[in-house]
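Pasting target-v5.pdb here (PDB, C-alpha atoms):
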MODEL        1
ATOM      1  CA  MET A   7      22.361  -3.987  -5.439
ATOM      2  CA  SER A   8      21.239  -0.531  -4.333
ATOM      3  CA  VAL A   9      21.613   0.804  -0.810
ATOM      4  CA  ARG A  10      17.948   1.740  -0.827
ATOM      5  CA  ARG A  11      16.844  -1.863  -1.364
ATOM      6  CA  LEU A  12      18.536  -2.800   1.908
ATOM      7  CA  CYS A  13      15.684  -1.229   3.828
ATOM      8  CA  VAL A  14      12.889  -0.813   1.314
ATOM      9  CA  LEU A  15      10.413  -2.689   3.498
ATOM     10  CA  ALA A  16      11.401  -0.803   6.606
ATOM     11  CA  ALA A  17      10.795   2.394   4.704
ATOM     12  CA  ALA A  18       7.417   1.305   3.411
ATOM     13  CA  LEU A  19       5.626  -0.495   6.205
ATOM     14  CA  LEU A  20       3.827   2.395   7.867
ATOM     15  CA  MET A  21       1.344   3.577   5.349
ATOM     16  CA  LEU A  22      -2.351   3.385   4.580
ATOM     17  CA  PRO A  23      -5.577   1.784   5.838
ATOM     18  CA  LEU A  24      -6.085  -1.778   4.639
ATOM     19  CA  GLY A  25      -8.627  -3.090   2.151
ATOM     20  CA  ARG A  26      -9.015  -6.824   2.823
ATOM     21  CA  ALA A  27      -9.011  -6.617   6.607
ATOM     22  CA  GLU A  28      -9.404  -4.032   9.325
ATOM     23  CA  ALA A  29      -6.274  -3.209  11.292
ATOM     24  CA  ALA A  30      -4.935  -0.586  13.639
ATOM     25  CA  ASP A  31      -4.714   2.958  12.288
ATOM     26  CA  MET A  32      -1.384   3.675  10.656
ATOM     27  CA  VAL A  33       0.604   6.295  12.529
ATOM     28  CA  SER A  34       3.150   8.935  11.670
ATOM     29  CA  TYR A  35       6.351   8.030  13.492
ATOM     30  CA  ARG A  36      10.091   8.370  13.885
ATOM     31  CA  ALA A  37      12.257   5.280  14.485
ATOM     32  CA  ARG A  38      15.933   4.564  14.948
ATOM     33  CA  TYR A  39      17.612   1.179  14.337
ATOM     34  CA  ALA A  40      21.142   0.170  15.329
ATOM     35  CA  LEU A  41      22.962  -2.060  12.802
ATOM     36  CA  SER A  42      25.306  -4.877  13.788
ATOM     37  CA  LEU A  43      26.793  -8.044  12.310
ATOM     38  CA  ASP A  44      24.557 -11.032  13.011
ATOM     39  CA  SER A  45      26.564 -13.777  11.271
ATOM     40  CA  SER A  46      29.364 -14.137   8.736
ATOM     41  CA  GLN A  47      31.012 -16.890   6.706
ATOM     42  CA  THR A  48      34.746 -16.829   6.029
ATOM     43  CA  SER A  49      34.110 -16.342   2.300
ATOM     44  CA  SER A  50      32.478 -12.938   2.908
ATOM     45  CA  GLY A  51      35.540 -11.412   4.558
ATOM     46  CA  VAL A  52      33.227  -9.440   6.878
ATOM     47  CA  VAL A  53      34.380  -9.557  10.505
ATOM     48  CA  GLY A  54      32.296  -6.717  11.941
ATOM     49  CA  ALA A  55      29.496  -4.277  11.156
ATOM     50  CA  GLY A  56      27.823  -1.231  12.647
ATOM     51  CA  GLY A  57      25.625   1.666  11.644
ATOM     52  CA  VAL A  58      22.201   3.189  11.941
ATOM     53  CA  ILE A  59      18.892   3.664  10.113
ATOM     54  CA  VAL A  60      16.767   6.699  11.016
ATOM     55  CA  ASP A  61      13.326   6.768   9.445
ATOM     56  CA  GLN A  62      10.605   9.412   9.734
ATOM     57  CA  TRP A  63       7.102   9.178   8.257
ATOM     58  CA  ASN A  64       4.636  12.072   8.211
ATOM     59  CA  ALA A  65       1.025  11.911   7.092
ATOM     60  CA  THR A  66      -0.412  14.667   4.916
ATOM     61  CA  CYS A  67      -3.926  15.067   3.571
ATOM     62  CA  THR A  68      -2.866  13.744   0.152
ATOM     63  CA  GLY A  69      -0.312  11.093   1.008
ATOM     64  CA  TRP A  70       2.746  10.263   3.088
ATOM     65  CA  THR A  71       6.204  11.796   3.130
ATOM     66  CA  GLU A  72       9.277   9.939   4.258
ATOM     67  CA  GLU A  73      12.791  10.997   5.175
ATOM     68  CA  GLU A  74      15.266   8.187   5.730
ATOM     69  CA  HIS A  75      18.985   8.266   6.557
ATOM     70  CA  TYR A  76      21.120   5.149   6.461
ATOM     71  CA  TYR A  77      24.743   4.407   7.355
ATOM     72  CA  LEU A  78      26.486   1.003   7.365
ATOM     73  CA  HIS A  79      30.121   0.309   8.275
ATOM     74  CA  LEU A  80      31.620  -3.076   7.322
ATOM     75  CA  ASP A  81      34.957  -4.277   8.713
ATOM     76  CA  TYR A  82      36.862  -6.683   6.449
ATOM     77  CA  GLY A  83      39.932  -7.156   8.634
ATOM     78  CA  GLY A  84      42.445  -5.810   6.100
ATOM     79  CA  GLU A  85      45.275  -7.380   4.127
ATOM     80  CA  ASP A  86      46.414  -9.541   7.036
ATOM     81  CA  ARG A  87      43.208 -11.518   6.535
ATOM     82  CA  GLY A  88      43.678 -11.840   2.777
ATOM     83  CA  HIS A  89      41.403  -8.970   1.712
ATOM     84  CA  ASP A  90      42.193  -5.858  -0.286
ATOM     85  CA  ARG A  91      40.287  -3.481   1.979
ATOM     86  CA  ASP A  92      40.018  -2.740   5.690
ATOM     87  CA  THR A  93      36.546  -1.225   5.807
ATOM     88  CA  LEU A  94      33.626  -0.153   3.645
ATOM     89  CA  ASP A  95      31.256   2.688   4.563
ATOM     90  CA  THR A  96      27.906   3.070   2.821
ATOM     91  CA  TYR A  97      25.623   6.098   3.113
ATOM     92  CA  SER A  98      22.204   6.937   1.750
ATOM     93  CA  SER A  99      19.544   9.606   2.119
ATOM     94  CA  PHE A 100      16.040   9.090   0.743
ATOM     95  CA  VAL A 101      13.040  11.434   0.494
ATOM     96  CA  SER A 102       9.717  10.362  -1.027
ATOM     97  CA  TRP A 103       6.028  11.140  -1.319
ATOM     98  CA  GLU A 104       3.330   8.613  -2.151
ATOM     99  CA  SER A 105      -0.288   9.479  -2.867
ATOM    100  CA  LEU A 106      -3.154   8.021  -0.857
ATOM    101  CA  ASP A 107      -4.644   6.415  -3.978
ATOM    102  CA  ALA A 108      -1.364   4.501  -4.566
ATOM    103  CA  ARG A 109      -1.068   5.771  -8.157
ATOM    104  CA  HIS A 110       1.635   8.454  -7.807
ATOM    105  CA  PHE A 111       5.119   8.273  -6.334
ATOM    106  CA  GLN A 112       7.968  10.804  -6.117
ATOM    107  CA  PHE A 113      11.468   9.857  -4.999
ATOM    108  CA  ASP A 114      14.950  11.285  -4.485
ATOM    109  CA  LEU A 115      17.752   8.923  -3.400
ATOM    110  CA  ARG A 116      21.367   9.909  -2.772
ATOM    111  CA  GLN A 117      23.862   7.177  -1.948
ATOM    112  CA  ALA A 118      27.611   6.618  -1.836
ATOM    113  CA  GLU A 119      30.288   4.204  -0.683
ATOM    114  CA  THR A 120      33.839   4.762   0.568
ATOM    115  CA  ASP A 121      35.924   6.837  -1.879
ATOM    116  CA  THR A 122      33.076   7.169  -4.404
ATOM    117  CA  PRO A 123      30.970  10.254  -5.208
ATOM    118  CA  TYR A 124      27.302  10.376  -4.362
ATOM    119  CA  GLU A 125      24.934   8.856  -6.888
ATOM    120  CA  GLU A 126      21.490  10.400  -7.169
ATOM    121  CA  ILE A 127      18.341   8.733  -8.452
ATOM    122  CA  LYS A 128      15.435  11.170  -8.730
ATOM    123  CA  GLY A 129      12.098  11.127 -10.482
ATOM    124  CA  GLU A 130       8.414  10.336 -10.301
ATOM    125  CA  ALA A 131       6.213   7.442 -11.309
ATOM    126  CA  SER A 132       2.526   6.868 -11.947
ATOM    127  CA  LEU A 133       0.191   3.953 -12.576
ATOM    128  CA  ASP A 134      -2.832   3.974 -14.871
ATOM    129  CA  GLY A 135      -4.996   2.241 -12.278
ATOM    130  CA  PRO A 136      -5.242  -0.796  -9.980
ATOM    131  CA  GLY A 137      -3.596  -3.790 -11.612
ATOM    132  CA  LYS A 138      -2.461  -1.709 -14.583
ATOM    133  CA  GLY A 139       0.977  -0.630 -15.707
ATOM    134  CA  GLY A 140       2.455   2.832 -15.842
ATOM    135  CA  THR A 141       5.682   4.766 -16.279
ATOM    136  CA  ALA A 142       8.604   6.006 -14.217
ATOM    137  CA  GLN A 143      10.305   9.212 -15.346
ATOM    138  CA  PHE A 144      13.831   9.871 -14.123
ATOM    139  CA  SER A 145      15.500  13.292 -14.032
ATOM    140  CA  ARG A 146      18.714  11.916 -12.464
ATOM    141  CA  PRO A 147      21.220  10.367 -13.056
ATOM    142  CA  GLY A 148      19.952  11.204 -16.547
ATOM    143  CA  GLU A 149      16.601  11.822 -18.167
ATOM    144  CA  SER A 150      14.885   8.564 -19.063
ATOM    145  CA  VAL A 151      11.457   6.894 -19.100
ATOM    146  CA  LEU A 152      10.877   3.373 -17.858
ATOM    147  CA  PRO A 153       7.680   1.416 -18.552
ATOM    148  CA  LEU A 154       6.173  -0.331 -15.532
ATOM    149  CA  PRO A 155       4.424  -3.636 -16.287
ATOM    150  CA  ALA A 156       0.840  -4.414 -15.335
ATOM    151  CA  GLY A 157       0.495  -5.372 -11.703
ATOM    152  CA  THR A 158       3.317  -3.134 -10.486
ATOM    153  CA  VAL A 159       2.683  -1.440  -7.136
ATOM    154  CA  PHE A 160       4.471   1.233  -5.133
ATOM    155  CA  PRO A 161       5.673   0.579  -1.568
ATOM    156  CA  ALA A 162       2.483   1.794   0.136
ATOM    157  CA  ALA A 163       0.220  -0.423  -1.942
ATOM    158  CA  HIS A 164       2.580  -3.330  -1.352
ATOM    159  CA  THR A 165       2.328  -2.673   2.373
ATOM    160  CA  ARG A 166      -1.467  -2.749   2.269
ATOM    161  CA  PHE A 167      -1.298  -5.976   0.309
ATOM    162  CA  LEU A 168       1.229  -7.571   2.670
ATOM    163  CA  ILE A 169      -0.502  -6.741   5.947
ATOM    164  CA  ALA A 170      -3.961  -7.567   4.562
ATOM    165  CA  SER A 171      -2.605 -10.888   3.306
ATOM    166  CA  ALA A 172      -1.228 -11.614   6.768
ATOM    167  CA  GLU A 173      -4.577 -10.752   8.364
ATOM    168  CA  ALA A 174      -6.305 -13.092   5.890
ATOM    169  CA  GLY A 175      -3.980 -15.960   6.804
ATOM    170  CA  ASP A 176      -2.087 -16.120   3.504
ATOM    171  CA  GLN A 177       1.310 -17.796   3.844
ATOM    172  CA  LEU A 178       2.993 -17.083   0.481
ATOM    173  CA  VAL A 179       2.467 -13.947  -1.627
ATOM    174  CA  THR A 180       4.430 -12.132  -4.334
ATOM    175  CA  ARG A 181       4.221  -8.758  -6.104
ATOM    176  CA  GLN A 182       6.234  -6.513  -8.432
ATOM    177  CA  VAL A 183       7.251  -3.373  -6.514
ATOM    178  CA  PHE A 184       8.792  -0.150  -7.849
ATOM    179  CA  ASP A 185      10.488   1.785  -5.040
ATOM    180  CA  GLY A 186      12.676   4.280  -6.925
ATOM    181  CA  SER A 187      15.960   2.693  -5.879
ATOM    182  CA  GLU A 188      17.137   1.677  -9.366
ATOM    183  CA  VAL A 189      16.595   2.703 -12.978
ATOM    184  CA  ALA A 190      16.388  -0.949 -14.035
ATOM    185  CA  GLY A 191      12.739  -1.543 -13.138
ATOM    186  CA  ALA A 192      10.427  -3.090 -10.580
ATOM    187  CA  THR A 193      11.560  -5.760  -8.140
ATOM    188  CA  GLN A 194       9.728  -8.988  -7.455
ATOM    189  CA  ILE A 195       9.246  -9.408  -3.709
ATOM    190  CA  THR A 196       8.102 -12.814  -2.473
ATOM    191  CA  ALA A 197       6.948 -13.040   1.151
ATOM    192  CA  VAL A 198       6.517 -16.032   3.439
ATOM    193  CA  ILE A 199       4.229 -15.027   6.312
ATOM    194  CA  GLY A 200       4.191 -16.779   9.676
ATOM    195  CA  PRO A 201       1.244 -17.197  12.058
ATOM    196  CA  LYS A 202      -0.217 -14.199  13.860
ATOM    197  CA  LEU A 203       1.404 -13.529  17.232
ATOM    198  CA  ARG A 204      -0.503 -12.123  20.195
ATOM    199  CA  PRO A 205      -0.124  -8.521  21.444
ATOM    200  CA  GLY A 206       2.617  -8.259  24.010
ATOM    201  CA  ALA A 207       4.699 -11.057  22.491
ATOM    202  CA  LEU A 208       7.538  -8.569  22.108
ATOM    203  CA  LYS A 209       7.702  -7.737  25.810
ATOM    204  CA  ALA A 210      10.098 -10.591  26.495
ATOM    205  CA  ARG A 211      12.679  -8.815  24.344
ATOM    206  CA  SER A 212      13.908  -6.399  26.998
ATOM    207  CA  ARG A 213      16.252  -4.603  24.596
ATOM    208  CA  LEU A 214      13.313  -3.068  22.739
ATOM    209  CA  PRO A 215      12.320   0.479  23.759
ATOM    210  CA  LYS A 216       9.209   0.842  25.865
ATOM    211  CA  SER A 217       6.364   2.177  23.717
ATOM    212  CA  PRO A 218       2.615   1.516  23.375
ATOM    213  CA  LEU A 219       3.235   1.356  19.616
ATOM    214  CA  LEU A 220       4.855  -2.059  20.166
ATOM    215  CA  ASN A 221       1.976  -3.643  22.090
ATOM    216  CA  ARG A 222       0.235  -4.920  18.947
ATOM    217  CA  PRO A 223      -0.331  -8.257  17.155
ATOM    218  CA  SER A 224       2.472  -9.153  14.765
ATOM    219  CA  TRP A 225       3.819 -11.633  12.210
ATOM    220  CA  ARG A 226       7.260 -12.901  11.283
ATOM    221  CA  VAL A 227       7.734 -12.306   7.560
ATOM    222  CA  ARG A 228      10.547 -13.584   5.334
ATOM    223  CA  LEU A 229      11.001 -11.611   2.105
ATOM    224  CA  ALA A 230      13.061 -12.466  -0.965
ATOM    225  CA  PHE A 231      14.076  -9.573  -3.255
ATOM    226  CA  PHE A 232      14.640 -10.626  -6.866
ATOM    227  CA  PRO A 233      16.477  -8.423  -9.421
ATOM    228  CA  PRO A 234      14.571  -6.777 -12.301
ATOM    229  CA  ASP A 235      16.072  -9.433 -14.597
ATOM    230  CA  ARG A 236      13.151 -11.836 -14.894
ATOM    231  CA  ASN A 237      15.510 -14.711 -15.788
ATOM    232  CA  SER A 238      17.114 -14.744 -12.359
ATOM    233  CA  GLU A 239      16.137 -17.717 -10.195
ATOM    234  CA  LEU A 240      17.939 -16.506  -7.065
ATOM    235  CA  PRO A 241      17.135 -13.396  -5.016
ATOM    236  CA  ASP A 242      19.589 -10.539  -4.533
ATOM    237  CA  TYR A 243      19.103 -10.987  -0.810
ATOM    238  CA  GLU A 244      16.493 -11.906   1.786
ATOM    239  CA  GLU A 245      15.074 -10.050   4.742
ATOM    240  CA  SER A 246      13.328 -11.255   7.898
ATOM    241  CA  VAL A 247      11.125  -8.836   9.833
ATOM    242  CA  ARG A 248       8.778  -8.763  12.798
ATOM    243  CA  LEU A 249       5.839  -6.743  11.440
ATOM    244  CA  LEU A 250       3.167  -5.300  13.731
ATOM    245  CA  ASP A 251      -0.393  -4.684  12.551
ATOM    246  CA  ASN A 252       0.045  -0.911  12.974
ATOM    247  CA  GLY A 253       2.870  -0.967  10.419
ATOM    248  CA  VAL A 254       5.784  -0.768  12.836
ATOM    249  CA  ILE A 255       8.738  -3.091  12.252
ATOM    250  CA  ALA A 256      10.185  -4.219  15.574
ATOM    251  CA  GLU A 257      12.935  -6.484  14.229
ATOM    252  CA  MET A 258      14.898  -6.743  10.946
ATOM    253  CA  LEU A 259      17.571  -9.093   9.634
ATOM    254  CA  PHE A 260      19.184  -8.575   6.193
ATOM    255  CA  ASP A 261      20.576 -11.865   4.877
ATOM    256  CA  TYR A 262      23.135 -11.700   2.028
ATOM    257  CA  GLY A 263      23.980 -15.390   2.003
ATOM    258  CA  ASP A 264      27.537 -15.247   3.303
ATOM    259  CA  TYR A 265      26.840 -12.595   5.938
ATOM    260  CA  ALA A 266      23.827 -11.055   7.678
ATOM    261  CA  VAL A 267      23.195  -7.643   9.266
ATOM    262  CA  ARG A 268      20.705  -7.144  12.099
ATOM    263  CA  ALA A 269      18.769  -3.899  12.657
ATOM    264  CA  ARG A 270      17.638  -3.456  16.277
ATOM    265  CA  LEU A 271      14.954  -0.917  17.124
ATOM    266  CA  THR A 272      16.384   1.463  19.734
ATOM    267  CA  HIS A 273      13.927   4.368  19.646
ATOM    268  CA  ILE A 274      10.393   4.958  18.379
ATOM    269  CA  GLU A 275       7.920   7.780  18.852
ATOM    270  CA  ALA A 276       4.539   8.645  17.392
ATOM    271  CA  LEU A 277       4.308  11.927  15.492
ATOM    272  CA  HIS A 278       1.356  14.278  15.130
ATOM    273  CA  ARG A 279      -1.074  13.397  12.339
ATOM    274  CA  PRO A 280      -2.776  16.436  10.763
ATOM    275  CA  PRO A 281      -6.587  16.719  10.683
ATOM    276  CA  CYS A 282      -7.994  16.424   7.153
TER     277      CYS A 282
ENDMDL
END

So that I can check it, write out the structure of this file as structure tokens.
Amino acid sequence: MSVRRLCVLAAALLMLPLGRAEAADMVSYRARYALSLDSSQTSSGVVGAGGVIVDQWNATCTGWTEEEHYYLHLDYGGEDRGHDRDTLDTYSSFVSWESLDARHFQFDLRQAETDTPYEEIKGEASLDGPGKGGTAQFSRPGESVLPLPAGTVFPAAHTRFLIASAEAGDQLVTRQVFDGSEVAGATQITAVIGPKLRPGALKARSRLPKSPLLNRPSWRVRLAFFPPDRNSELPDYEESVRLLDNGVIAEMLFDYGDYAVRARLTHIEALHRPPC
């Protein structure tokens, strides 16, 4: 499983105006999330976790750019607990651009784990039109071309679909999403969407930073990320988020079955949006 897929939704959920329903204007922003261990079963070996996600989105007149930095530290307790490692550190850096018409996507991901060199996945992808397929062209780790099946969307289009579905009251939706995190293909993401929550519902969570960006209606969304192998019946992992109607994610929980990592929003600020 790629590092990038750990926070693909967090990276994507601040994008474009919606089609099926009106919502708040999407904003350029910078956010910081602190990572910690939420739960762990003995079989995982994980006894502690920490780290950070820093995400920055900037609007342009042709699309959105993103710069994301991610670091996760896992503590396994060492040999005295029956494991062959003490810790594992994972790093990633991701830069992307996605066009406003949702047909073009450029990506550059660099990621590494403890004692391993950085891996880079770089390229661009395009779709022939709404509901149609397309191609992804990779320049790294090697030159290759990957066909994208009909119905594939990029993260921004998936975001529009997800928030609009929530506004429309849909409870279960699924799409094929290509996010540039793997050379294997698009990922099926199935979402279970909870009822709409009133503005201000987050105020009771005193650990959240104070920001007018958080005083918006929201939904709890549970997402399952399936591997490109269409024969797989089980997801790679699941993710629970608190999604606001302006695209901000106020809460995240990454569930890997035998352990779970929580991402707590510690800082958020709106950035200038250029006139077009």

For each of A:Ser34, A:Ser145, A:Ser98, A:Phe232, take the minimum atom-to-atom distance to Val58 of chain A, counting all atoms listed in the file, then give the residue where this is smallest.
A:Ser98

List the residues selected by the PyMOL selection byres ((chain A and resi 257) around 9) in the file shown, writing them as a VMD selection string.
chain A and resid 39 246 to 249 255 to 256 258 to 259 268 to 271

Evaluate the PyMOL selection byres ((chain A and resi 128) around 7) against this structure - the residues, as a PyMOL selection string, please.
chain A and resi 113-115+126-127+129+144-146

Measuring atom to atom with only C-alpha atoms, identify which of A:Asp185, A:Asp176, A:Glu149, A:Asp264 is nearest to Ser49 of chain A.
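Among the listed residues, A:Asp264 lies closest to Ser49 of chain A.
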
Let me know the residues the PyMOL selection byres ((chain A and resi 239-243) around 8) catches in the file above, as a ChimeraX atom specification.
/A:7,230-233,237-238,244-245,260-263

List the residues sitting within 12 Å of (9.2, 5.2, 14.2) in the file's frame, using only C-alpha atoms, as a PyMOL selection string.
chain A and resi 16-21+32-39+59-64+72-74+215+217-220+252-256+271-277
